[in-house]
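Structure file protein-v1.txt with compact mmCIF, C-alpha atoms (C1' of nucleotides) and all ligand atoms:
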```
# COMPACT_ATOMS: atom_id res chain seq x y z
CA MET A 230 -0.91 27.77 -9.27
CA PHE A 231 -1.87 24.17 -9.91
CA GLU A 232 -4.67 25.02 -12.32
CA ASN A 233 -2.28 27.00 -14.46
CA GLN A 234 0.29 24.22 -14.60
CA ILE A 235 -2.39 21.99 -16.03
CA ARG A 236 -3.51 24.61 -18.52
CA ASN A 237 0.10 25.02 -19.64
CA LYS A 238 0.53 21.34 -20.29
CA LEU A 239 -2.38 21.45 -22.70
CA VAL A 240 -1.15 24.66 -24.33
CA GLU A 241 2.38 23.29 -24.75
CA LYS A 242 0.97 20.37 -26.70
CA GLY A 243 -1.10 22.71 -28.84
CA MET A 244 -4.34 21.32 -27.48
CA LYS A 245 -7.42 23.43 -27.01
CA VAL A 246 -7.99 24.16 -23.35
CA THR A 247 -11.45 23.05 -22.27
CA PRO A 248 -12.94 22.67 -18.80
CA GLN A 249 -13.37 18.95 -19.48
CA ARG A 250 -9.72 18.46 -20.37
CA MET A 251 -8.59 20.49 -17.40
CA ALA A 252 -10.79 18.51 -15.04
CA ILE A 253 -9.71 15.13 -16.38
CA LEU A 254 -6.01 15.84 -16.35
CA GLU A 255 -6.30 17.32 -12.89
CA ALA A 256 -8.27 14.30 -11.68
CA ILE A 257 -5.61 11.88 -12.88
CA GLU A 258 -2.89 13.86 -11.15
CA ILE A 259 -4.81 14.25 -7.90
CA LEU A 260 -6.10 10.69 -7.72
CA ASN A 261 -2.57 9.55 -8.50
CA ASN A 262 -3.27 5.87 -8.35
CA HIS A 263 -3.82 4.73 -11.90
CA PRO A 264 -7.56 5.42 -11.99
CA THR A 265 -10.00 3.92 -14.45
CA ALA A 266 -12.22 6.07 -16.64
CA GLU A 267 -14.99 5.30 -14.18
CA ASN A 268 -12.89 6.49 -11.21
CA ILE A 269 -12.17 9.71 -13.07
CA ILE A 270 -15.81 10.28 -13.93
CA GLU A 271 -16.88 9.72 -10.36
CA PHE A 272 -14.26 12.17 -9.12
CA ILE A 273 -14.93 14.98 -11.56
CA ARG A 274 -18.72 14.82 -11.41
CA LYS A 275 -18.50 16.39 -7.97
CA ASN A 276 -17.55 19.71 -9.52
CA HIS A 277 -18.56 19.05 -13.07
CA PRO A 278 -21.81 17.10 -12.90
CA ASN A 279 -22.72 17.22 -16.58
CA ILE A 280 -19.64 15.75 -18.18
CA SER A 281 -20.42 12.97 -20.62
CA THR A 282 -18.91 9.51 -20.35
CA ALA A 283 -17.97 9.52 -24.01
CA THR A 284 -16.19 12.81 -23.56
CA VAL A 285 -14.07 11.37 -20.80
CA TYR A 286 -12.98 8.53 -23.06
CA LYS A 287 -12.34 10.91 -25.93
CA VAL A 288 -10.33 13.27 -23.78
CA LEU A 289 -8.33 10.39 -22.35
CA GLU A 290 -7.46 9.27 -25.89
CA ALA A 291 -6.41 12.81 -26.77
CA LEU A 292 -4.25 13.09 -23.66
CA VAL A 293 -2.60 9.76 -24.44
CA GLU A 294 -2.00 10.82 -28.05
CA ASN A 295 -0.32 13.96 -26.82
CA ASN A 296 1.85 12.21 -24.26
CA LEU A 297 0.28 13.82 -21.24
CA VAL A 298 -1.19 10.56 -19.99
CA LYS A 299 -0.29 6.90 -20.28
CA LYS A 300 -2.41 3.81 -20.37
CA VAL A 301 -1.70 1.21 -17.73
CA LYS A 302 -3.09 -2.26 -18.29
CA THR A 303 -3.62 -4.90 -15.61
CA ASP A 304 -4.99 -8.44 -15.54
CA ARG A 305 -8.50 -7.05 -15.56
CA ASP A 306 -10.60 -5.83 -18.46
CA VAL A 307 -10.49 -2.15 -17.56
CA MET A 308 -7.98 0.35 -18.78
CA ARG A 309 -6.24 2.51 -16.22
CA TYR A 310 -4.43 5.80 -16.69
CA GLU A 311 -1.62 7.79 -15.16
CA ALA A 312 -0.18 11.24 -15.68
CA ILE A 313 3.19 11.29 -17.34
CA SER A 314 5.88 11.71 -14.70
CA ASP A 315 9.49 10.79 -14.15
CA HIS A 316 10.45 7.39 -15.42
CA HIS A 317 9.26 4.76 -12.99
CA HIS A 318 8.20 1.16 -12.69
CA HIS A 319 5.16 -0.53 -11.24
CA LEU A 320 4.55 -2.76 -8.28
CA TYR A 321 1.50 -4.84 -9.05
CA CYS A 322 -0.57 -7.38 -7.18
CA ALA A 323 -2.94 -9.32 -9.43
CA GLU A 324 -5.13 -10.37 -6.53
CA SER A 325 -5.98 -6.86 -5.37
CA ASP A 326 -5.32 -5.19 -8.75
CA ARG A 327 -3.39 -2.60 -6.82
CA ILE A 328 -0.60 -0.71 -8.58
CA GLU A 329 2.02 1.47 -6.94
CA ASP A 330 4.70 3.51 -8.60
CA TYR A 331 8.27 2.46 -7.99
CA PHE A 332 11.05 4.99 -8.55
CA ASP A 333 14.63 3.73 -8.48
CA SER A 334 17.31 5.68 -10.29
CA GLU A 335 20.07 3.23 -9.41
CA LEU A 336 18.11 0.46 -11.09
CA ASN A 337 17.41 2.66 -14.10
CA GLU A 338 21.09 3.26 -14.48
CA ILE A 339 21.95 -0.43 -14.31
CA ILE A 340 19.36 -1.27 -16.91
CA GLY A 341 20.28 1.68 -19.09
CA ASN A 342 23.92 0.65 -19.07
CA TYR A 343 23.04 -2.95 -19.77
CA PHE A 344 21.10 -2.11 -22.89
CA LYS A 345 23.75 0.33 -24.04
CA LYS A 346 26.14 -2.56 -24.55
CA ARG A 347 23.54 -5.21 -25.35
CA ASN A 348 22.02 -4.74 -28.75
CA ILE A 349 18.65 -6.29 -29.59
CA PRO A 350 18.49 -7.25 -33.27
CA ASN A 351 15.79 -5.51 -35.30
CA PHE A 352 14.49 -3.49 -32.41
CA ARG A 353 14.96 0.11 -31.35
CA ILE A 354 14.33 0.53 -27.64
CA GLU A 355 12.39 3.57 -26.57
CA GLU A 356 11.70 2.73 -22.95
CA VAL A 357 12.26 -0.10 -20.50
CA LYS A 358 9.68 -0.59 -17.78
CA LEU A 359 9.59 -3.21 -15.07
CA GLN A 360 6.47 -4.88 -13.87
CA ILE A 361 7.32 -6.01 -10.38
CA ILE A 362 4.65 -8.54 -9.59
CA GLY A 363 3.95 -9.77 -6.09
CA LYS A 364 1.99 -9.03 -2.95
CA PHE A 365 1.58 -5.90 -0.90
CA LEU A 366 2.14 -6.61 2.78
CA ASN A 367 0.35 -3.56 4.12
CA ASP A 368 -3.36 -3.00 3.88
CA GLU A 369 -5.29 -1.25 1.19
CA THR A 370 -5.81 1.90 3.24
CA SER A 371 -2.34 3.10 2.43
CA ILE A 372 -3.20 3.41 -1.20
CA ASN A 373 -1.70 6.26 -3.21
CA GLN A 374 1.71 5.95 -1.69
CA GLN A 375 4.66 6.09 -3.99
CA ILE A 376 7.79 4.13 -3.38
CA HIS A 377 10.88 6.30 -3.80
CA LEU A 378 14.02 4.44 -2.96
CA PRO A 379 16.90 6.37 -1.39
CA ASP A 380 20.23 5.97 -3.12
CA ASN A 381 21.83 3.92 -0.38
CA LYS A 382 24.63 2.31 -2.30
CA MET B 165 4.42 -37.01 -29.02
CA PHE B 166 3.23 -33.42 -28.85
CA GLU B 167 -0.37 -34.29 -28.06
CA ASN B 168 0.71 -36.33 -25.09
CA GLN B 169 2.89 -33.58 -23.70
CA ILE B 170 -0.14 -31.37 -23.67
CA ARG B 171 -2.29 -34.02 -22.05
CA ASN B 172 0.35 -34.48 -19.38
CA LYS B 173 0.41 -30.81 -18.53
CA LEU B 174 -3.30 -30.97 -17.78
CA VAL B 175 -2.97 -34.21 -15.84
CA GLU B 176 -0.08 -32.86 -13.77
CA LYS B 177 -2.26 -30.00 -12.67
CA GLY B 178 -5.10 -32.37 -11.80
CA MET B 179 -7.30 -30.93 -14.51
CA LYS B 180 -9.79 -33.03 -16.43
CA VAL B 181 -8.55 -33.67 -19.94
CA THR B 182 -11.09 -32.51 -22.50
CA PRO B 183 -10.76 -32.05 -26.26
CA GLN B 184 -11.47 -28.35 -25.78
CA ARG B 185 -8.69 -27.88 -23.25
CA MET B 186 -6.27 -29.86 -25.36
CA ALA B 187 -7.09 -27.81 -28.44
CA ILE B 188 -6.80 -24.47 -26.68
CA LEU B 189 -3.52 -25.21 -24.96
CA GLU B 190 -2.14 -26.61 -28.19
CA ALA B 191 -3.31 -23.56 -30.11
CA ILE B 192 -1.55 -21.19 -27.74
CA GLU B 193 1.67 -23.16 -28.03
CA ILE B 194 1.51 -23.47 -31.80
CA LEU B 195 0.46 -19.90 -32.49
CA ASN B 196 3.19 -18.80 -30.13
CA ASN B 197 2.62 -15.12 -30.51
CA HIS B 198 0.48 -14.05 -27.62
CA PRO B 199 -2.86 -14.68 -29.31
CA THR B 200 -6.17 -13.21 -28.26
CA ALA B 201 -9.15 -15.39 -27.41
CA GLU B 202 -10.44 -14.55 -30.88
CA ASN B 203 -7.19 -15.67 -32.53
CA ILE B 204 -7.41 -18.93 -30.64
CA ILE B 205 -11.03 -19.52 -31.62
CA GLU B 206 -10.27 -18.86 -35.26
CA PHE B 207 -7.37 -21.30 -35.19
CA ILE B 208 -9.19 -24.04 -33.33
CA ARG B 209 -12.40 -23.95 -35.34
CA LYS B 210 -10.53 -25.46 -38.31
CA ASN B 211 -10.42 -28.81 -36.56
CA HIS B 212 -12.99 -28.23 -33.91
CA PRO B 213 -15.78 -26.24 -35.54
CA ASN B 214 -18.32 -26.45 -32.73
CA ILE B 215 -16.37 -25.06 -29.83
CA SER B 216 -18.22 -22.34 -28.00
CA THR B 217 -16.79 -18.89 -27.42
CA ALA B 218 -17.75 -18.99 -23.76
CA THR B 219 -15.93 -22.28 -23.40
CA VAL B 220 -12.75 -20.77 -24.76
CA TYR B 221 -12.89 -17.99 -22.21
CA LYS B 222 -13.69 -20.44 -19.41
CA VAL B 223 -10.86 -22.74 -20.42
CA LEU B 224 -8.45 -19.84 -20.65
CA GLU B 225 -9.37 -18.81 -17.12
CA ALA B 226 -8.85 -22.37 -15.92
CA LEU B 227 -5.47 -22.60 -17.63
CA VAL B 228 -4.40 -19.29 -16.09
CA GLU B 229 -5.59 -20.43 -12.65
CA ASN B 230 -3.52 -23.57 -13.02
CA ASN B 231 -0.41 -21.76 -14.20
CA LEU B 232 -0.34 -23.31 -17.63
CA VAL B 233 -1.03 -20.02 -19.35
CA LYS B 234 -0.39 -16.38 -18.59
CA LYS B 235 -2.23 -13.25 -19.46
CA VAL B 236 -0.26 -10.72 -21.47
CA LYS B 237 -1.40 -7.13 -21.39
CA THR B 238 -0.95 -4.48 -24.02
CA ASP B 239 -2.24 -0.95 -24.54
CA ARG B 240 -5.31 -2.32 -26.26
CA ASP B 241 -8.58 -3.50 -24.82
CA VAL B 242 -8.09 -7.18 -25.62
CA MET B 243 -6.44 -9.73 -23.41
CA ARG B 244 -3.70 -11.86 -24.89
CA TYR B 245 -2.33 -15.17 -23.70
CA GLU B 246 0.86 -17.17 -23.77
CA ALA B 247 1.90 -20.62 -22.68
CA ILE B 248 4.07 -20.73 -19.60
CA SER B 249 7.70 -21.09 -20.60
CA ASP B 250 11.09 -20.12 -19.27
CA HIS B 251 11.22 -16.72 -17.68
CA HIS B 252 11.39 -14.08 -20.33
CA HIS B 253 10.57 -10.48 -21.11
CA HIS B 254 8.63 -8.79 -23.86
CA LEU B 255 9.53 -6.54 -26.73
CA TYR B 256 6.47 -4.48 -27.50
CA CYS B 257 5.54 -1.93 -30.13
CA ALA B 258 2.38 -0.02 -29.26
CA GLU B 259 1.84 1.06 -32.84
CA SER B 260 1.69 -2.43 -34.32
CA ASP B 261 0.64 -4.14 -31.06
CA ARG B 262 3.28 -6.71 -31.83
CA ILE B 263 4.89 -8.62 -28.97
CA GLU B 264 8.00 -10.76 -29.16
CA ASP B 265 9.55 -12.82 -26.42
CA TYR B 266 12.95 -11.74 -25.18
CA PHE B 267 15.11 -14.28 -23.34
CA ASP B 268 18.22 -13.00 -21.62
CA SER B 269 19.65 -14.92 -18.70
CA GLU B 270 22.48 -12.45 -18.08
CA LEU B 271 19.91 -9.72 -17.61
CA ASN B 272 17.81 -11.93 -15.36
CA GLU B 273 20.81 -12.50 -13.18
CA ILE B 274 21.60 -8.79 -12.90
CA ILE B 275 18.05 -7.99 -11.94
CA GLY B 276 17.77 -10.93 -9.58
CA ASN B 277 20.93 -9.85 -7.79
CA TYR B 278 19.79 -6.27 -7.64
CA PHE B 279 16.55 -7.13 -5.90
CA LYS B 280 18.29 -9.53 -3.56
CA LYS B 281 20.12 -6.64 -1.96
CA ARG B 282 17.47 -3.99 -2.59
CA ASN B 283 14.47 -4.47 -0.35
CA ILE B 284 11.12 -2.93 -1.32
CA PRO B 285 9.19 -1.95 1.80
CA ASN B 286 5.83 -3.69 2.28
CA PHE B 287 6.12 -5.74 -0.86
CA ARG B 288 7.05 -9.35 -1.52
CA ILE B 289 8.33 -9.77 -5.09
CA GLU B 290 7.17 -12.84 -6.96
CA GLU B 291 8.36 -12.00 -10.44
CA VAL B 292 10.08 -9.19 -12.30
CA LYS B 293 9.23 -8.71 -15.96
CA LEU B 294 10.51 -6.12 -18.37
CA GLN B 295 8.41 -4.46 -20.97
CA ILE B 296 10.89 -3.31 -23.54
CA ILE B 297 8.93 -0.76 -25.50
CA GLY B 298 10.01 0.46 -28.89
CA LYS B 299 9.84 -0.23 -32.60
CA PHE B 300 10.51 -3.34 -34.61
CA LEU B 301 12.78 -2.61 -37.54
CA ASN B 302 11.88 -5.64 -39.60
CA ASP B 303 8.50 -6.21 -41.19
CA GLU B 304 5.54 -8.00 -39.78
CA THR B 305 6.07 -11.14 -41.80
CA SER B 306 8.76 -12.32 -39.45
CA ILE B 307 6.25 -12.67 -36.69
CA ASN B 308 6.61 -15.50 -34.21
CA GLN B 309 10.33 -15.19 -33.88
CA GLN B 310 11.80 -15.39 -30.44
CA ILE B 311 14.82 -13.40 -29.42
CA HIS B 312 17.31 -15.57 -27.54
CA LEU B 313 20.45 -13.71 -26.69
CA PRO B 314 23.71 -15.66 -26.56
CA ASP B 315 25.74 -15.23 -23.39
CA ASN B 316 28.48 -13.18 -25.00
CA LYS B 317 29.93 -11.49 -21.98
C1' DT C 65 -17.37 40.19 -32.71
C1' DA C 66 -17.80 36.87 -36.19
C1' DT C 67 -15.96 32.74 -38.05
C1' DT C 68 -14.80 28.09 -37.99
C1' DA C 69 -12.58 23.97 -36.81
C1' DA C 70 -12.62 21.27 -33.03
C1' DA C 71 -14.76 19.54 -28.83
C1' DT C 72 -18.72 18.00 -26.27
C1' DA C 73 -23.29 15.81 -24.95
C1' DA C 74 -26.42 12.47 -25.64
C1' DT C 75 -27.27 8.29 -27.01
C1' DA C 76 -26.84 4.27 -29.98
C1' DA C 77 -23.76 0.69 -31.28
C1' DT C 78 -20.04 -2.39 -30.81
C1' DT C 79 -16.76 -5.45 -28.65
C1' DA C 80 -14.87 -8.22 -25.32
C1' DT C 81 -16.07 -10.88 -21.74
C1' DT C 82 -19.06 -13.15 -18.31
C1' DC C 83 -23.26 -15.38 -16.80
C1' DT C 84 -27.05 -18.79 -16.90
C1' DT C 85 -28.87 -23.11 -17.62
C1' DA C 86 -29.69 -27.32 -19.93
C1' DT C 87 -26.91 -31.00 -21.73
C1' DT C 88 -22.87 -33.74 -22.14
C1' DT C 89 -18.73 -35.93 -20.63
C1' DA C 90 -14.36 -37.43 -18.06
C1' DG C 91 -12.95 -39.75 -14.38
C1' DT C 92 -14.01 -43.03 -10.88
C1' DA C 93 -15.63 -47.03 -8.76
C1' DA C 94 -18.92 -50.70 -8.40
C1' DT D 214 -18.04 -52.71 -18.61
C1' DT D 215 -21.23 -50.00 -16.71
C1' DA D 216 -23.25 -46.64 -13.83
C1' DC D 217 -22.57 -42.56 -11.28
C1' DT D 218 -21.49 -37.87 -10.44
C1' DA D 219 -19.02 -33.75 -10.36
C1' DA D 220 -17.27 -30.95 -13.60
C1' DA D 221 -17.15 -29.14 -18.23
C1' DT D 222 -19.38 -27.56 -22.39
C1' DA D 223 -22.75 -25.29 -25.75
C1' DA D 224 -25.81 -21.93 -26.66
C1' DG D 225 -27.44 -17.87 -26.05
C1' DA D 226 -28.52 -13.95 -23.09
C1' DA D 227 -26.51 -10.41 -20.35
C1' DT D 228 -23.10 -7.18 -18.89
C1' DA D 229 -19.42 -3.88 -18.86
C1' DA D 230 -16.20 -1.19 -21.11
C1' DT D 231 -15.41 1.33 -24.90
C1' DT D 232 -16.31 3.49 -29.42
C1' DA D 233 -19.22 5.63 -33.01
C1' DT D 234 -22.63 8.96 -34.58
C1' DT D 235 -24.46 13.34 -34.97
C1' DA D 236 -26.46 17.58 -33.48
C1' DT D 237 -24.97 21.33 -30.60
C1' DT D 238 -21.66 24.14 -28.35
C1' DT D 239 -17.31 26.38 -27.72
C1' DA D 240 -12.26 27.85 -27.89
C1' DA D 241 -9.15 30.01 -30.56
C1' DT D 242 -8.25 33.26 -34.14
C1' DA D 243 -8.80 37.08 -37.09
MN MN A 401 -15.55 -5.83 -21.03
MN MN A 402 -13.44 -4.23 -22.87
ZN ZN A 403 2.69 4.67 -12.59
ZN ZN A 404 5.89 -14.04 -23.94
```

Could you take the file, read its structure, and then write that structure out as structure tokens?
Amino acid sequence: MFENQIRNKLVEKGMKVTPQRMAILEAIEILNNHPTAENIIEFIRKNHPNISTATVYKVLEALVENNLVKKVKTDRDVMRYEAISDHHHHLYCAESDRIEDYFDSELNEIIGNYFKKRNIPNFRIEEVKLQIIGKFLNDETSINQQIHLPDNK
Amino acid sequence: MFENQIRNKLVEKGMKVTPQRMAILEAIEILNNHPTAENIIEFIRKNHPNISTATVYKVLEALVENNLVKKVKTDRDVMRYEAISDHHHHLYCAESDRIEDYFDSELNEIIGNYFKKRNIPNFRIEEVKLQIIGKFLNDETSINQQIHLPDNK
DNA sequence: TATTAAATAATAATTATTCTTATTTAGTAA
DNA sequence: TTACTAAATAAGAATAATTATTATTTAATA
């Protein structure tokens, strides 16, 4: 059951399970399009009308600290968040501030192999992420899609 | 002469040349480590003590609009800026918030070729940038270095 | 069930950035 | 050169996002 998966994520990290944390983590996963704190608040107030703004920010920090959530920054002055998931990259259009996930294991392999042979002096790589900047050609109604490329070699 | 190069960049874009714009663009180029608006103001006020904060933000917007400067985003809630230069990627450590440029034409070619054959549905790519996330192994004093990899195939 | 450290709510404060408006200036052309 | 005008700047107020403070509540544990 979905609720229990979320509870387990908190428990696995040794975090106290609170209704606020459950609601926020669930909101990020359901919204699934790099929501802002404000988006999250709006969403969870439907079921949880008394949650405090400051709590949402505090919980988000805690989730980020514990690697359950990542910050995603755009050209604008608002932080956005996403649930941790499989390694992926981002398609981003500065004009619309729209972000879509881009999964591509063939690309990951190419890049992984490249940096295996190519050493960067004085730097230990932990993760390589692409920002693929450009324009979406479809309209904004199809938000929340994820691009998963098939492995068509 | 350096000052004239900067003037020319403004002129080429059809922008009015003002002491404020000259100073800000020069500051970004000299500082050369993805400074914040605040960093720029601090630097500029040495020679230009009366520049207004709002002017710095307005000028930065104008420079970004005219493709003389780019915004650089990190995990923190402050925008950073860099002068336009050859296409490059970023080494980034979230802990220290340090960013270094990473130039690698072999890598650019691999990625360019990859996306030539690999079409992304409903998206027109304008630019592909890597965020290489990890840890710097040297201390913070060696800030402002740029990593240029030799083409040692 | 009682204890306690940690989390939350409410609200004030701070920070980064943007807006407003009066004044100044860069570029242009008489 | 000088005058003109649109655009840029300075100063300060305003806003928006985020963080800090502190009293109250609660989840986990014994
Ligand atoms: Mn802001
Ligand atoms: Mn902010
Ligand atoms: Zn994502
Ligand atoms: Zn850079």

When you get a sec, could you note down which chain B residues fall within 7 Å of chain A, using only C-alpha atoms, as a PDB file with C-alpha atoms, keeping the file's coordinate frame?
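iface.pdb written:
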```pdb
ATOM      1  CA  LYS B 235      -2.230 -13.250 -19.460  1.00  0.00           C
ATOM      2  CA  LYS B 237      -1.400  -7.130 -21.390  1.00  0.00           C
ATOM      3  CA  THR B 238      -0.950  -4.480 -24.020  1.00  0.00           C
ATOM      4  CA  ASP B 239      -2.240  -0.950 -24.540  1.00  0.00           C
ATOM      5  CA  ASN B 286       5.830  -3.690   2.280  1.00  0.00           C
ATOM      6  CA  PHE B 287       6.120  -5.740  -0.860  1.00  0.00           C
ATOM      7  CA  ARG B 288       7.050  -9.350  -1.520  1.00  0.00           C
ATOM      8  CA  ILE B 289       8.330  -9.770  -5.090  1.00  0.00           C
ATOM      9  CA  GLU B 290       7.170 -12.840  -6.960  1.00  0.00           C
ATOM     10  CA  GLU B 291       8.360 -12.000 -10.440  1.00  0.00           C
ATOM     11  CA  VAL B 292      10.080  -9.190 -12.300  1.00  0.00           C
ATOM     12  CA  LYS B 293       9.230  -8.710 -15.960  1.00  0.00           C
ATOM     13  CA  LEU B 294      10.510  -6.120 -18.370  1.00  0.00           C
ATOM     14  CA  GLN B 295       8.410  -4.460 -20.970  1.00  0.00           C
ATOM     15  CA  ILE B 296      10.890  -3.310 -23.540  1.00  0.00           C
ATOM     16  CA  ILE B 297       8.930  -0.760 -25.500  1.00  0.00           C
ATOM     17  CA  GLY B 298      10.010   0.460 -28.890  1.00  0.00           C
ATOM     18  CA  LYS B 299       9.840  -0.230 -32.600  1.00  0.00           C
ATOM     19  CA  PHE B 300      10.510  -3.340 -34.610  1.00  0.00           C
ATOM     20  CA  LEU B 301      12.780  -2.610 -37.540  1.00  0.00           C
ATOM     21  CA  ASN B 302      11.880  -5.640 -39.600  1.00  0.00           C
TER      22      ASN B 302
END
```

*Excluding C:DA71 and any residue of its chain fewer than 5 positions from it, enumerate the residues within 10 Å of it, using all atoms listed in the file, and give them as a ChimeraX atom specification.*
/A:245-247,249-250,284,287-288 /D:238-240

*Residues of chain D no more than 12 Å from chain B, counting only C-alpha atoms (C1' of nucleotides): send them over as a PyMOL selection string.*
chain D and resi 219-226+230-232

Selection to disk with C-alpha atoms (C1' of nucleotides), as a short mmCIF file (atom, residue, chain, number, x, y, z; two decimals), in the frame of the given file:
```cif
data_model
loop_
_atom_site.label_atom_id
_atom_site.label_comp_id
_atom_site.auth_asym_id
_atom_site.auth_seq_id
_atom_site.Cartn_x
_atom_site.Cartn_y
_atom_site.Cartn_z
"C1'" DA D 219 -19.02 -33.75 -10.36
"C1'" DA D 220 -17.27 -30.95 -13.60
"C1'" DA D 221 -17.15 -29.14 -18.23
"C1'" DT D 222 -19.38 -27.56 -22.39
"C1'" DA D 223 -22.75 -25.29 -25.75
"C1'" DA D 224 -25.81 -21.93 -26.66
"C1'" DG D 225 -27.44 -17.87 -26.05
"C1'" DA D 226 -28.52 -13.95 -23.09
"C1'" DA D 230 -16.20 -1.19 -21.11
"C1'" DT D 231 -15.41 1.33 -24.90
"C1'" DT D 232 -16.31 3.49 -29.42
#
```

*Tell me which of B:Glu225, B:Glu264, B:Glu206, B:Glu259 sits closest to chain C, counting only C-alpha atoms (C1' of nucleotides).*
B:Glu225

_Please determine, counting all atoms listed in the file, which residue among C:DA80, C:DA94, C:DA73, C:DA66 has the shortest atom-to-atom distance to chain B._
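Answer, going by the shortest atom-to-atom distance: C:DA80.
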
Would you mind listing, for every residue of chain C within 12 Å of chain A, the two atoms forming the shortest contact and the distance between them in Å to one decimal, using all atoms listed in the file, sorted by chain and ascending residue number, as a tab-separated table?
```
residue	atom	partner	partner_atom	distance
C:DA69	C1'	A:Lys245	CA	11.1
C:DA70	C1'	A:Lys245	CA	8.2
C:DA71	C1'	A:Thr247	CA	8.1
C:DT72	C1'	A:Thr284	CA	6.4
C:DA73	C1'	A:Ser281	CA	5.9
C:DA74	C1'	A:Ser281	CA	7.8
C:DT75	C1'	A:Ala283	CA	9.8
C:DA76	C1'	A:Ala283	CA	11.9
C:DT79	C1'	A:Asp306	CA	11.9
C:DA80	C1'	A:Asp306	CA	8.4
C:DT81	C1'	A:Asp306	CA	8.1
C:DT82	C1'	A:Asp306	CA	11.2
```

*Closest of B:Ala187, B:Ile170, B:Ala226, B:Ile194 to B:Lys210 - atom-to-atom distances counting only C-alpha atoms*: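 Among the listed residues, the smallest separation from B:Lys210 belongs to B:Ala187.
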
*asked:* Please report the interatomic distance between atom CA of B:Arg171 and atom CA of B:Ile192 in Å with one decimal.
replied: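 Result for atom CA of B:Arg171 versus atom CA of B:Ile192: 14.1 Å, one decimal.
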
*What gap, in Å, lies between atom C1' of C:DT87 and atom CA of B:Gly178?*
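Computed distance, atom C1' of C:DT87 to atom CA of B:Gly178, equals 24.0 Å.
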
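The spacing separating atom CA of A:Ile313 from atom CA of A:Val298 amounts to 5.2 Å.
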
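Closest approach to ligand MN 401 (chain A) among C:DT78, C:DT68, C:DT85, C:DT92: C:DT78, based on all atoms listed in the file.
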
*Please check which protein, DNA or RNA residues sit within 6 Å of ligand ZN 403 (chain A), counting only C-alpha atoms (C1' of nucleotides) and all ligand atoms, and write them as a ChimeraX atom specification.*
/A:311,319,330
